[in-house]
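Asks: The structure under discussion is supplied below as structure tokens; questions concerning it will follow.
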Amino acid sequence: MPGMGRGLPTGNSLITSSFHSAVLHQLLIVLLVVAVCAVGFNVVRTVQYRRLKAEGRQTFPSAPSSVTSEPLARRIVRIGFGCLWILDGLLQLQSGMPLGLPSGVVQPTASASPQWVQHVVNSGVTIWSNHPVEAAAATVWIQLGLGIWLLVAPRGRWSRLGGLASAGWGLVVWVFGEAFGGILAPGLTWMFGAPGAVLVYCVAGILVALPEDAYATLRLGRTILRVGGLFLIGMAVLQGWPGRGFWQGHGGTLTTMVQQMAKTSQPGFLSSWVSSFGTFVGAHGWGVNLFVVISLATVGALMMSGRNRLVRIGLVGFVVLCLADWLLVQDLGFLGGLGTDPNSMLPMALLFVSGYVATVRLPARAPAMADLTSAAQAPGADSPPESRAPWWEHTTLPYVLRSVAAVAALAIVVVGTAPMALAAVNRNADPILTEALDGTPNTLDNPAPPFSLTDQHGRAVSLASLRGHVIALTFLDPVCTSDCPLIAQEFRQADLRLADQSTKVDFVAVVANPVYRSVSFTNAFDRQEGLTELPNWYYLTGSVAALQRVWISYGVLVDTVPNGAMVAHQDLAYVIDRRGRERDALIDDPGPTQEFASSFSSLLLSRIDQALTT
Amino acid sequence: MSLGRRDSRALPRAAAPGAVALLMTLSIGAPGHAGAAPAAPLAGTVQTGTAAWAVVPMGKLSDPANTFWQVLREGPGSTQWSVVTPPGVADNGGVVLGASEGSVAVGFLPSGLLRFSPLSVSANAGTTWSPAYLPGALSARPGALAVGPGHSGALAVVGNTVLRSPPGLSSWTPLVTLSTLRRVTGSPRCRPGALDAVSFSSADAPLLATSCTRKGVVGLFTRSSGHWLDEGVALPGRLRASTTTVLALSSSGSGSIALVAARAAGHTDLVALWQSPGGWRASAPHSLRSGAAVRSTATAAGGAITVLTDSRGHETVDQIFPSGSWNTLPSAPAGTVAVASNMPVATTDAPTAESFVVDGSVLRVFEPTPAGSKWLPVQTLQVSLAFGSSG
């Protein structure tokens with residue numbers, strides 16, 4: 001009924017089950033990919049074995065004991081962020097993610113940012129909102145794939161490529177999912193995750209993508225610590241800047257943020273801790289802020305000192321600070337509400353730790369390459385050494401295993417990316433949104449009730465006169481203020497999307513208002529909605545008796561509501577085939593505009609296509 | 001996110017005749033000069049010789065989608081109001097009413113996704129209504145629609161154009177545009193800024209009220225022998241430095257009356273104007289409290305004008321008669337949304353006021369006691385409202 005629209009709850013069963021079904025289907029593809037990779041591995045090893053045997057060798061080449069290990073700092077970043085991506089991917093499996101992420105996570109994050117940021121974020125949100133199932137499933141596989149990739153490819157080109165992919169995806173999430181980490185919004189504070197957890201993932205990805213030579217000196221570690229220290233000092237200045245509300249207890253920025261965080265649904269113990277801390281901040285806001293400012297500035301200064309002993313003290317302090325903030329302010333990040341990641345504290349601590357390790361644990365120098373049969377001897381030895389020897393003579397088992405595993409991980413990322421990319425190209429929303437809102441169309445096979453009415457040009461139009469064309473029929477009030485204009489736009493869009501096929505289809509609306517039913521009003525409605533340009537659009541009216549006959553025969557209840565309300569009527573549409581038989585009955589209640597926009601036209605088009613082929 | 005696709009549309013697009021479309025499109029694009037004009041309240045009453053008509057908002061007044069405007073009628077000799085709101089269209093955007101002794105027309109201001117104003121006409125005192133089409137959106141002013149007696153037809157303000165229709169409101173043609181009125185010479189010359197109200201003079205000729213870019217002048221235009229006459233009224237004294245807006249304009253057999261808001265240096269005065277054979281006569285100015293806003297106006301056939309003003313939640317009712325001066329009535333009952341000039345039962349009775357108090361779907365009508373010391377409830381109406389029906 002007009003005006004009785006409803007929203008799609010994040011737990012909508014159709015969307016949830018479709019999401020789970022999509023993930024399962026993609027899981028089957030992933031398993032297939034793994035199986036293919038396993039076969040590929042076997043084939044490579046078999047070929048290698050036969051070639052070696054033909055040369056009279058009895059064993060596979062093995063890695064020499066002198067091969068250097070991966071720099072520890074790099075390993076910390078790679079494994080740490082690999083695990084984080086996997087955790088993030090698993091968090092994306094939450095049922096509420098397809099419908100809840102835009103409205104529950106992205107838009108609230110962007111709401112305080114400048115208009116242009118919201119505009120950028122909205123372009124991503126629109127793609128997600130139009131294709132929630134594909135988008136949510138894609139995110140699962142992309143993040144799982146990235147995580148696995150980082151874990152299984154420790155060295156060489158595959159590993160560095162994994163780092164780059166991680167940084168690239170992180171950037172996408174930082175811009176569209178975190179609204180640039182909120183760095184352009186007021187209230188920016190390190191305590192609440194500035195400059196965005198995923199930006200730290202990006203930095204980590206870049207560190208993994210660097211050549212291993214970069215870890216051979218102290219320079220990289222010192223750079224990480226100095227930049228990190230400078231960042232912390234900057235955050236301390238922001239935290240202490242007067243007028244930003246952080247010095248205030250009750251009603252201050254920090255208290256409000258913590259109290260809001262405590263209100264999100266989360267395990268009781270966490271809520272209790274965060275709430276207690278909120279109360280503490282409310283009572284001692286000035287003192288807490290002073291502690292935070294001093295701590296951040298001190299840790300930053302220690303990090304920048306360049307002296308290992310001081311850096312170590314700073315690092316311990318920083319990790320403790322991170323853990324406290326993660327627990328008491330960020331409520332662990334993923335246990336409250338629709339958590340998508342463990343927030344910024346863990347990644348930041350990991351990054352600083354790796355920076356410190358890079359300054360104290362330099363990798364051992366690689367020995368000179370002497371034995372070409374021990375293939376993986378150099379740093380980055382997942383790539384075969386440059387040699388004129390055939391590959392089977394120097395390719396080791398770990399190299400093949402890791403390469404195949406990396407290919408499998410890349411394939412998992414592609415499994416997620418491909419459907420999402422296809423969906424993003426389609427600017428129209430998925431029909432599933434309308435089905436989630438209004439139910440699945442009823443398939444029919446009845447003779448359509450006849451009608452004979454007058455169109456907007458004053459010409460007589462009947463069901464019989466339209467025979468031979470597929471008809472999309474609905475009921476619209478020409479002076480409706482809510483649903484009918486939206487439904488008309490969906491019909492218009494469906495008509496325009498038909499392109500050449502539109503000559504075989506007629507779009508018909510019957511007036512659903514016993515009072516305002518003259519041609520003047522149908523014409524005014526057509527002009528208002530831009531329908532006059534459509535040659536196959538018919539807005540039919542007639543006497544009240546004639547209209548009532550049509551309403552009753554098509555099961556449409558029209559009720560004149562007194563005292564200033566619009567006429568109430570059911571939002572129904574029918575698809576009638578060329579032989580004049582009803583094929584589908586669809587509810588076309590637009591509900592909230594955002595969900596309906598272009599989704600109904602997609603559903604209607606699919607039904608019209610079916611009717612055209614019968 | 002919003003669709004955004006609707007924002008780019010031109011608002012009122014006209015139907016036949018094409019001239020209406022062209023004029024309206026042009027007029028929408030022409031900015032008025034009265035941006036600072038005080039808002040004219042839609043709530044109020046108008047009295048013809050045979051009945052009184054009221055426009056009252058009801059429902060959740062802080063939520064436009066759940067505010068339902070009601071049309072009420074009080075018949076001759078009756079002291080009871082009845083709801084006669086025309087059916088078939090949502091009126092959340094507000095309604096504009098034009099009444100004469102023979103007929104009444106109600107225009108619905110666009111709301112939601114509707115971009116034009118459906119009309120409803122009744123020739124039997126609101127017992128039954130017939131729909132009528134207006135090519136465009138009515139101006140959101142209480143005087144934007146006028147119905148003349150007999151064969152005068154109707155006038156409507158759409159953008160910067162006044163449209164005219166024959167009786168029955170079957171078709172509309174442009175009568176005059178603001179730019180045409182700007183070329184009309186008169187003394188004192190008004191130089192119109194925006195169309196404020198339309199009516200029919202006692203001679204059944206179109207009577208238009210405009211704001212004026214020239215200070216201290218009230219814009220009033222009549223049509224005579226195919227020409228427009230600027231009957232602008234020069235306000236006296238300190239009001240010569242004020243910009244003017246006509247808040248209400250009505251006519252009856254005894255002449256036309258207008259209520260003018262004159263604003264200067266953030267201060268507003270109300271002035272009543274009565275038309276007599278010798279021209280227009282202005283009342284003494286009535287100063288509004290600082291920050292006060294006019295919430296409702298009421299005109300009576302005998303020339304009485306009643307005004308409800310609101311100053312920081314304090315509602316005041318003031319009244320003036322053609323032969324009298326401004327008289328402040330007791331403080332209006334809490335929740336008053338509109339006032340009426342009560343129709344006198346006998347010709348010797350002086351008109352008094354009524355106040356309409358709304359609490360959701362309950363409407364209470366109050367009248368001052370004969371001593372004029374307080375308001376007493378005289379009628380309670382329970383009006384069924386379809387909350388949530390407009391999205």
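Simple scheme: letters A, B, ... for chains in structure tokens order, numbers from 1 for residues in each chain, numbers from 1 for ligands in the order shown.
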Could you please tell me, as a PDB file with N, CA and C atoms, in the first residue's frame, which residues of chain A have an atom within 10 Å of chain B when using only C-alpha atoms?
Replies:
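File produced: part_21.pdb:
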```pdb
ATOM      1  N   MET A   1       0.854  -1.190   0.000  1.00  0.00           N
ATOM      2  CA  MET A   1       0.000   0.000   0.000  1.00  0.00           C
ATOM      3  C   MET A   1       0.891   1.242   0.000  1.00  0.00           C
ATOM      4  N   PRO A   2       0.503   2.290  -0.740  1.00  0.00           N
ATOM      5  CA  PRO A   2       1.314   3.500  -0.706  1.00  0.00           C
ATOM      6  C   PRO A   2       1.489   3.980   0.719  1.00  0.00           C
ATOM      7  N   GLY A   3       2.695   4.361   1.004  1.00  0.00           N
ATOM      8  CA  GLY A   3       2.962   4.901   2.324  1.00  0.00           C
ATOM      9  C   GLY A   3       3.206   3.855   3.380  1.00  0.00           C
ATOM     10  N   MET A   4       3.048   2.597   3.036  1.00  0.00           N
ATOM     11  CA  MET A   4       3.258   1.555   4.038  1.00  0.00           C
ATOM     12  C   MET A   4       4.555   0.794   3.746  1.00  0.00           C
ATOM     13  N   GLY A   5       5.472   1.465   3.120  1.00  0.00           N
ATOM     14  CA  GLY A   5       6.722   0.813   2.745  1.00  0.00           C
ATOM     15  C   GLY A   5       7.504   0.348   3.957  1.00  0.00           C
ATOM     16  N   ARG A   6       8.359  -0.653   3.751  1.00  0.00           N
ATOM     17  CA  ARG A   6       9.138  -1.167   4.870  1.00  0.00           C
ATOM     18  C   ARG A   6      10.579  -1.323   4.431  1.00  0.00           C
ATOM     19  N   SER A 103      24.761   0.352   5.614  1.00  0.00           N
ATOM     20  CA  SER A 103      24.021   1.222   6.546  1.00  0.00           C
ATOM     21  C   SER A 103      24.580   1.150   7.964  1.00  0.00           C
ATOM     22  N   GLN A 107      28.291   3.876   6.062  1.00  0.00           N
ATOM     23  CA  GLN A 107      27.670   5.202   6.089  1.00  0.00           C
ATOM     24  C   GLN A 107      27.836   5.922   7.429  1.00  0.00           C
ATOM     25  N   GLN A 118      31.908  11.770   1.360  1.00  0.00           N
ATOM     26  CA  GLN A 118      30.662  10.988   1.348  1.00  0.00           C
ATOM     27  C   GLN A 118      30.280  10.620  -0.078  1.00  0.00           C
ATOM     28  N   HIS A 119      30.537  11.556  -0.993  1.00  0.00           N
ATOM     29  CA  HIS A 119      30.205  11.293  -2.400  1.00  0.00           C
ATOM     30  C   HIS A 119      31.029  10.108  -2.922  1.00  0.00           C
ATOM     31  N   ASN A 122      29.852   6.982  -1.241  1.00  0.00           N
ATOM     32  CA  ASN A 122      28.546   6.571  -1.749  1.00  0.00           C
ATOM     33  C   ASN A 122      28.635   5.830  -3.069  1.00  0.00           C
ATOM     34  N   SER A 123      29.629   6.198  -3.888  1.00  0.00           N
ATOM     35  CA  SER A 123      29.749   5.486  -5.167  1.00  0.00           C
ATOM     36  C   SER A 123      30.060   4.016  -4.914  1.00  0.00           C
ATOM     37  N   VAL A 125      29.292   2.486  -1.999  1.00  0.00           N
ATOM     38  CA  VAL A 125      28.124   1.956  -1.278  1.00  0.00           C
ATOM     39  C   VAL A 125      27.024   1.574  -2.260  1.00  0.00           C
ATOM     40  N   THR A 126      26.883   2.372  -3.315  1.00  0.00           N
ATOM     41  CA  THR A 126      25.834   2.079  -4.307  1.00  0.00           C
ATOM     42  C   THR A 126      26.084   0.729  -4.955  1.00  0.00           C
ATOM     43  N   ASP A 477      -1.918   5.739  -8.890  1.00  0.00           N
ATOM     44  CA  ASP A 477      -2.739   6.905  -8.554  1.00  0.00           C
ATOM     45  C   ASP A 477      -2.030   8.142  -9.114  1.00  0.00           C
ATOM     46  N   PRO A 478      -2.683   8.901 -10.009  1.00  0.00           N
ATOM     47  CA  PRO A 478      -1.963  10.023 -10.630  1.00  0.00           C
ATOM     48  C   PRO A 478      -1.617  11.157  -9.675  1.00  0.00           C
ATOM     49  N   VAL A 479      -2.283  11.221  -8.511  1.00  0.00           N
ATOM     50  CA  VAL A 479      -1.934  12.280  -7.555  1.00  0.00           C
ATOM     51  C   VAL A 479      -1.279  11.697  -6.299  1.00  0.00           C
ATOM     52  N   CYS A 480      -0.720  10.507  -6.455  1.00  0.00           N
ATOM     53  CA  CYS A 480      -0.017   9.851  -5.349  1.00  0.00           C
ATOM     54  C   CYS A 480       1.271  10.622  -5.030  1.00  0.00           C
ATOM     55  N   THR A 481       1.599  10.691  -3.760  1.00  0.00           N
ATOM     56  CA  THR A 481       2.795  11.448  -3.372  1.00  0.00           C
ATOM     57  C   THR A 481       3.978  10.553  -3.018  1.00  0.00           C
ATOM     58  N   SER A 482       3.786   9.234  -2.986  1.00  0.00           N
ATOM     59  CA  SER A 482       4.904   8.396  -2.530  1.00  0.00           C
ATOM     60  C   SER A 482       5.224   7.254  -3.493  1.00  0.00           C
ATOM     61  N   ASP A 483       4.489   6.156  -3.410  1.00  0.00           N
ATOM     62  CA  ASP A 483       4.905   4.944  -4.126  1.00  0.00           C
ATOM     63  C   ASP A 483       4.761   5.028  -5.648  1.00  0.00           C
ATOM     64  N   CYS A 484       3.629   5.559  -6.104  1.00  0.00           N
ATOM     65  CA  CYS A 484       3.320   5.460  -7.541  1.00  0.00           C
ATOM     66  C   CYS A 484       4.387   6.105  -8.433  1.00  0.00           C
ATOM     67  N   PRO A 485       4.886   7.301  -8.089  1.00  0.00           N
ATOM     68  CA  PRO A 485       5.956   7.843  -8.928  1.00  0.00           C
ATOM     69  C   PRO A 485       7.192   6.932  -8.976  1.00  0.00           C
ATOM     70  N   LEU A 486       7.478   6.262  -7.866  1.00  0.00           N
ATOM     71  CA  LEU A 486       8.640   5.357  -7.847  1.00  0.00           C
ATOM     72  C   LEU A 486       8.381   4.133  -8.717  1.00  0.00           C
ATOM     73  N   GLN A 489       8.698   5.053 -12.283  1.00  0.00           N
ATOM     74  CA  GLN A 489      10.095   5.155 -12.690  1.00  0.00           C
ATOM     75  C   GLN A 489      10.691   3.782 -12.981  1.00  0.00           C
ATOM     76  N   ASN A 513      -7.437   5.580  -8.574  1.00  0.00           N
ATOM     77  CA  ASN A 513      -8.007   6.666  -7.771  1.00  0.00           C
ATOM     78  C   ASN A 513      -9.393   6.964  -8.328  1.00  0.00           C
ATOM     79  N   PRO A 514     -10.428   6.747  -7.534  1.00  0.00           N
ATOM     80  CA  PRO A 514     -11.780   6.967  -8.065  1.00  0.00           C
ATOM     81  C   PRO A 514     -12.132   8.445  -8.196  1.00  0.00           C
ATOM     82  N   VAL A 515     -11.323   9.319  -7.621  1.00  0.00           N
ATOM     83  CA  VAL A 515     -11.639  10.755  -7.649  1.00  0.00           C
ATOM     84  C   VAL A 515     -10.825  11.452  -8.748  1.00  0.00           C
ATOM     85  N   TYR A 516      -9.536  11.400  -8.618  1.00  0.00           N
ATOM     86  CA  TYR A 516      -8.658  12.069  -9.585  1.00  0.00           C
ATOM     87  C   TYR A 516      -8.307  11.063 -10.673  1.00  0.00           C
ATOM     88  N   ARG A 517      -9.153  10.954 -11.659  1.00  0.00           N
ATOM     89  CA  ARG A 517      -8.990   9.888 -12.644  1.00  0.00           C
ATOM     90  C   ARG A 517      -9.115  10.404 -14.075  1.00  0.00           C
ATOM     91  N   SER A 518      -9.249  11.722 -14.256  1.00  0.00           N
ATOM     92  CA  SER A 518      -9.436  12.232 -15.616  1.00  0.00           C
ATOM     93  C   SER A 518      -8.117  12.196 -16.393  1.00  0.00           C
ATOM     94  N   VAL A 519      -8.258  12.341 -17.705  1.00  0.00           N
ATOM     95  CA  VAL A 519      -7.086  12.322 -18.579  1.00  0.00           C
ATOM     96  C   VAL A 519      -6.128  13.465 -18.230  1.00  0.00           C
ATOM     97  N   SER A 520      -6.688  14.583 -17.745  1.00  0.00           N
ATOM     98  CA  SER A 520      -5.810  15.697 -17.334  1.00  0.00           C
ATOM     99  C   SER A 520      -4.805  15.219 -16.307  1.00  0.00           C
ATOM    100  N   PHE A 521      -5.269  14.412 -15.386  1.00  0.00           N
ATOM    101  CA  PHE A 521      -4.374  13.959 -14.310  1.00  0.00           C
ATOM    102  C   PHE A 521      -3.412  12.880 -14.801  1.00  0.00           C
ATOM    103  N   ASN A 523      -2.276  12.652 -17.768  1.00  0.00           N
ATOM    104  CA  ASN A 523      -1.277  13.388 -18.560  1.00  0.00           C
ATOM    105  C   ASN A 523      -0.291  14.125 -17.669  1.00  0.00           C
ATOM    106  N   ALA A 524      -0.823  14.752 -16.621  1.00  0.00           N
ATOM    107  CA  ALA A 524       0.068  15.483 -15.698  1.00  0.00           C
ATOM    108  C   ALA A 524       1.052  14.521 -15.047  1.00  0.00           C
ATOM    109  N   PHE A 525       0.582  13.346 -14.674  1.00  0.00           N
ATOM    110  CA  PHE A 525       1.459  12.339 -14.065  1.00  0.00           C
ATOM    111  C   PHE A 525       2.528  11.897 -15.069  1.00  0.00           C
ATOM    112  N   ARG A 527       3.752  13.574 -17.555  1.00  0.00           N
ATOM    113  CA  ARG A 527       4.764  14.635 -17.720  1.00  0.00           C
ATOM    114  C   ARG A 527       5.680  14.674 -16.508  1.00  0.00           C
ATOM    115  N   GLN A 528       5.089  14.562 -15.338  1.00  0.00           N
ATOM    116  CA  GLN A 528       5.873  14.598 -14.103  1.00  0.00           C
ATOM    117  C   GLN A 528       6.931  13.496 -14.076  1.00  0.00           C
ATOM    118  N   GLU A 529       6.575  12.320 -14.567  1.00  0.00           N
ATOM    119  CA  GLU A 529       7.480  11.171 -14.484  1.00  0.00           C
ATOM    120  C   GLU A 529       8.268  10.921 -15.760  1.00  0.00           C
ATOM    121  N   GLY A 530       8.151  11.811 -16.732  1.00  0.00           N
ATOM    122  CA  GLY A 530       8.912  11.644 -17.972  1.00  0.00           C
ATOM    123  C   GLY A 530       8.462  10.441 -18.781  1.00  0.00           C
ATOM    124  N   ASP A 559      -9.020   2.084  -1.898  1.00  0.00           N
ATOM    125  CA  ASP A 559      -9.837   2.597  -0.797  1.00  0.00           C
ATOM    126  C   ASP A 559      -9.604   4.101  -0.634  1.00  0.00           C
ATOM    127  N   THR A 560     -10.687   4.854  -0.718  1.00  0.00           N
ATOM    128  CA  THR A 560     -10.568   6.307  -0.526  1.00  0.00           C
ATOM    129  C   THR A 560     -10.554   6.597   0.970  1.00  0.00           C
ATOM    130  N   VAL A 561      -9.433   7.064   1.439  1.00  0.00           N
ATOM    131  CA  VAL A 561      -9.263   7.329   2.874  1.00  0.00           C
ATOM    132  C   VAL A 561      -9.610   8.798   3.125  1.00  0.00           C
ATOM    133  N   PRO A 562     -10.462   9.104   4.116  1.00  0.00           N
ATOM    134  CA  PRO A 562     -10.874  10.501   4.311  1.00  0.00           C
ATOM    135  C   PRO A 562      -9.830  11.336   5.046  1.00  0.00           C
ATOM    136  N   ASN A 563     -10.134  12.614   5.123  1.00  0.00           N
ATOM    137  CA  ASN A 563      -9.423  13.578   5.969  1.00  0.00           C
ATOM    138  C   ASN A 563      -7.953  13.769   5.619  1.00  0.00           C
ATOM    139  N   GLY A 564      -7.699  13.920   4.349  1.00  0.00           N
ATOM    140  CA  GLY A 564      -6.384  14.363   3.924  1.00  0.00           C
ATOM    141  C   GLY A 564      -5.375  13.286   3.610  1.00  0.00           C
ATOM    142  N   ALA A 565      -5.801  12.022   3.559  1.00  0.00           N
ATOM    143  CA  ALA A 565      -4.858  10.953   3.206  1.00  0.00           C
ATOM    144  C   ALA A 565      -5.040  10.601   1.738  1.00  0.00           C
ATOM    145  N   MET A 566      -3.967  10.080   1.164  1.00  0.00           N
ATOM    146  CA  MET A 566      -4.090   9.688  -0.243  1.00  0.00           C
ATOM    147  C   MET A 566      -4.885   8.388  -0.353  1.00  0.00           C
ATOM    148  N   VAL A 567      -5.347   8.126  -1.547  1.00  0.00           N
ATOM    149  CA  VAL A 567      -6.099   6.898  -1.792  1.00  0.00           C
ATOM    150  C   VAL A 567      -5.171   5.708  -1.563  1.00  0.00           C
ATOM    151  N   ALA A 568      -5.653   4.742  -0.805  1.00  0.00           N
ATOM    152  CA  ALA A 568      -4.834   3.550  -0.543  1.00  0.00           C
ATOM    153  C   ALA A 568      -5.133   2.499  -1.610  1.00  0.00           C
ATOM    154  N   GLY A 591       8.796   0.270  -0.988  1.00  0.00           N
ATOM    155  CA  GLY A 591       9.467   0.313   0.307  1.00  0.00           C
ATOM    156  C   GLY A 591      10.427   1.495   0.338  1.00  0.00           C
ATOM    157  N   PRO A 592      11.535   1.346   1.040  1.00  0.00           N
ATOM    158  CA  PRO A 592      12.508   2.431   1.049  1.00  0.00           C
ATOM    159  C   PRO A 592      13.122   2.555  -0.345  1.00  0.00           C
ATOM    160  N   THR A 593      13.218   3.759  -0.814  1.00  0.00           N
ATOM    161  CA  THR A 593      13.671   4.017  -2.184  1.00  0.00           C
ATOM    162  C   THR A 593      14.985   3.326  -2.491  1.00  0.00           C
ATOM    163  N   GLN A 594      15.895   3.361  -1.514  1.00  0.00           N
ATOM    164  CA  GLN A 594      17.232   2.863  -1.758  1.00  0.00           C
ATOM    165  C   GLN A 594      17.226   1.392  -2.183  1.00  0.00           C
ATOM    166  N   ALA A 597      15.205   1.034  -5.867  1.00  0.00           N
ATOM    167  CA  ALA A 597      15.658   1.704  -7.078  1.00  0.00           C
ATOM    168  C   ALA A 597      16.332   0.737  -8.029  1.00  0.00           C
TER     169      ALA A 597
END
```
Asks: Skipping near chain neighbours, those fewer than 5 positions away, what residues fall within 8 Å of Ala234 (chain B) using only C-alpha atoms, listed as number ranges by chain?
Replies: B: 188, 216-218, 240
Asks: Write the selection just made, keeping C-alpha atoms, as a CSV table (one decimal), in the first residue's frame?
Replies:
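Done, and the output landed in out-v7.csv:
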```csv
chain,number,residue,atom,x,y,z
B,188,PRO,CA,2.6,55.4,-5.8
B,216,GLY,CA,6.2,51.7,2.3
B,217,VAL,CA,3.8,50.7,-0.5
B,218,VAL,CA,1.3,47.9,-0.6
B,240,ARG,CA,7.2,54.3,4.9
```
Asks: For Trp392 (chain A), which of A:Thr59, A:Asn446, A:Thr10, A:Ser21 is the closest residue, counting only C-alpha atoms?
Replies: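 Checking each of A:Thr59, A:Asn446, A:Thr10, A:Ser21 against Trp392 (chain A), counting only C-alpha atoms, the winner is A:Thr59.
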Asks: For region 298-302 of chain B, list every protein, DNA or RNA residue within 7 Å, evaluated using only C-alpha atoms, and leave out those in the same chain fewer than 6 positions away; present the list as a list in words.
Replies: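 The filter keeps Gly44, Thr45, Val46, Gln47, Thr48, Gly49, Ser252, Val339, Ala340 and Ser341 of chain B.
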Asks: Please extract the residues of region 304-531 of chain A with a backbone DSSP assignment of strand (DSSP E or B) and present them as a ChimeraX atom specification.
Replies: /A:442-447,452-454,460-462,470-476,505-511
Asks: If we count only C-alpha atoms, what is near Leu239 (chain B) at a cut-off of 8 Å, once residues fewer than 5 positions away on the same chain are taken out, given as a list in words?
Replies: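 Surrounding residues, per the criterion: Gly216, Ala262, Arg263 and Ala264 of chain B.
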Asks: Env of Ile86 (chain A): 9 Å cut, atoms = only C-alpha atoms, seq-sep filter 4 positions within chain, self excluded. Answer as a PDB file with N, CA, C and O atoms, in the first residue's frame.
Replies:
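Result saved to part-v4.pdb:
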```
ATOM      1  N   PHE A  81      49.855 -10.118   9.260  1.00  0.00           N
ATOM      2  CA  PHE A  81      48.783  -9.549   8.448  1.00  0.00           C
ATOM      3  C   PHE A  81      48.072 -10.619   7.621  1.00  0.00           C
ATOM      4  O   PHE A  81      46.894 -10.454   7.280  1.00  0.00           O
ATOM      5  N   GLY A  82      48.759 -11.697   7.312  1.00  0.00           N
ATOM      6  CA  GLY A  82      48.073 -12.823   6.669  1.00  0.00           C
ATOM      7  C   GLY A  82      46.975 -13.349   7.574  1.00  0.00           C
ATOM      8  O   GLY A  82      45.839 -13.577   7.140  1.00  0.00           O
ATOM      9  N   LEU A  90      36.823 -14.075   7.547  1.00  0.00           N
ATOM     10  CA  LEU A  90      35.852 -14.882   8.300  1.00  0.00           C
ATOM     11  C   LEU A  90      34.769 -13.982   8.905  1.00  0.00           C
ATOM     12  O   LEU A  90      33.598 -14.366   8.953  1.00  0.00           O
ATOM     13  N   LEU A  91      35.178 -12.795   9.354  1.00  0.00           N
ATOM     14  CA  LEU A  91      34.182 -11.869   9.909  1.00  0.00           C
ATOM     15  C   LEU A  91      33.177 -11.436   8.842  1.00  0.00           C
ATOM     16  O   LEU A  91      32.016 -11.144   9.141  1.00  0.00           O
ATOM     17  N   VAL A 140      34.505 -11.792   1.269  1.00  0.00           N
ATOM     18  CA  VAL A 140      34.957 -12.973   2.020  1.00  0.00           C
ATOM     19  C   VAL A 140      36.155 -13.609   1.314  1.00  0.00           C
ATOM     20  O   VAL A 140      37.219 -13.829   1.915  1.00  0.00           O
ATOM     21  N   GLN A 143      39.483 -11.501   0.925  1.00  0.00           N
ATOM     22  CA  GLN A 143      40.279 -11.363   2.150  1.00  0.00           C
ATOM     23  C   GLN A 143      40.862 -12.695   2.602  1.00  0.00           C
ATOM     24  O   GLN A 143      42.016 -12.747   3.062  1.00  0.00           O
ATOM     25  N   LEU A 144      40.077 -13.759   2.437  1.00  0.00           N
ATOM     26  CA  LEU A 144      40.634 -15.081   2.753  1.00  0.00           C
ATOM     27  C   LEU A 144      41.794 -15.396   1.812  1.00  0.00           C
ATOM     28  O   LEU A 144      42.861 -15.890   2.223  1.00  0.00           O
ATOM     29  N   GLY A 145      41.592 -15.091   0.531  1.00  0.00           N
ATOM     30  CA  GLY A 145      42.629 -15.362  -0.470  1.00  0.00           C
ATOM     31  C   GLY A 145      43.901 -14.597  -0.166  1.00  0.00           C
ATOM     32  O   GLY A 145      45.014 -15.150  -0.241  1.00  0.00           O
ATOM     33  N   LEU A 146      43.757 -13.317   0.182  1.00  0.00           N
ATOM     34  CA  LEU A 146      44.942 -12.512   0.490  1.00  0.00           C
ATOM     35  C   LEU A 146      45.686 -13.061   1.701  1.00  0.00           C
ATOM     36  O   LEU A 146      46.920 -13.137   1.713  1.00  0.00           O
ATOM     37  N   GLY A 147      44.902 -13.444   2.707  1.00  0.00           N
ATOM     38  CA  GLY A 147      45.510 -13.987   3.911  1.00  0.00           C
ATOM     39  C   GLY A 147      46.290 -15.254   3.617  1.00  0.00           C
ATOM     40  O   GLY A 147      47.454 -15.404   4.037  1.00  0.00           O
ATOM     41  N   ILE A 148      45.652 -16.149   2.886  1.00  0.00           N
ATOM     42  CA  ILE A 148      46.319 -17.419   2.556  1.00  0.00           C
ATOM     43  C   ILE A 148      47.563 -17.151   1.704  1.00  0.00           C
ATOM     44  O   ILE A 148      48.625 -17.750   1.899  1.00  0.00           O
TER      45      ILE A 148
END
```
Asks: Which neighbours of region 272-274 of chain B fall inside 6 Å, counting only C-alpha atoms, when residues of the same chain fewer than 5 positions from it are skipped, and could you give them as a list in words?
Replies: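 In the requested format, the answer is Ile257, Ala258, Leu259, Trp280, Arg281, Ala282 and Ser283 of chain B.
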Asks: So how many Å separate CA of Gly150 (chain B) and CA of Val307 (chain B), to one decimal?
Replies: 29.5 Å
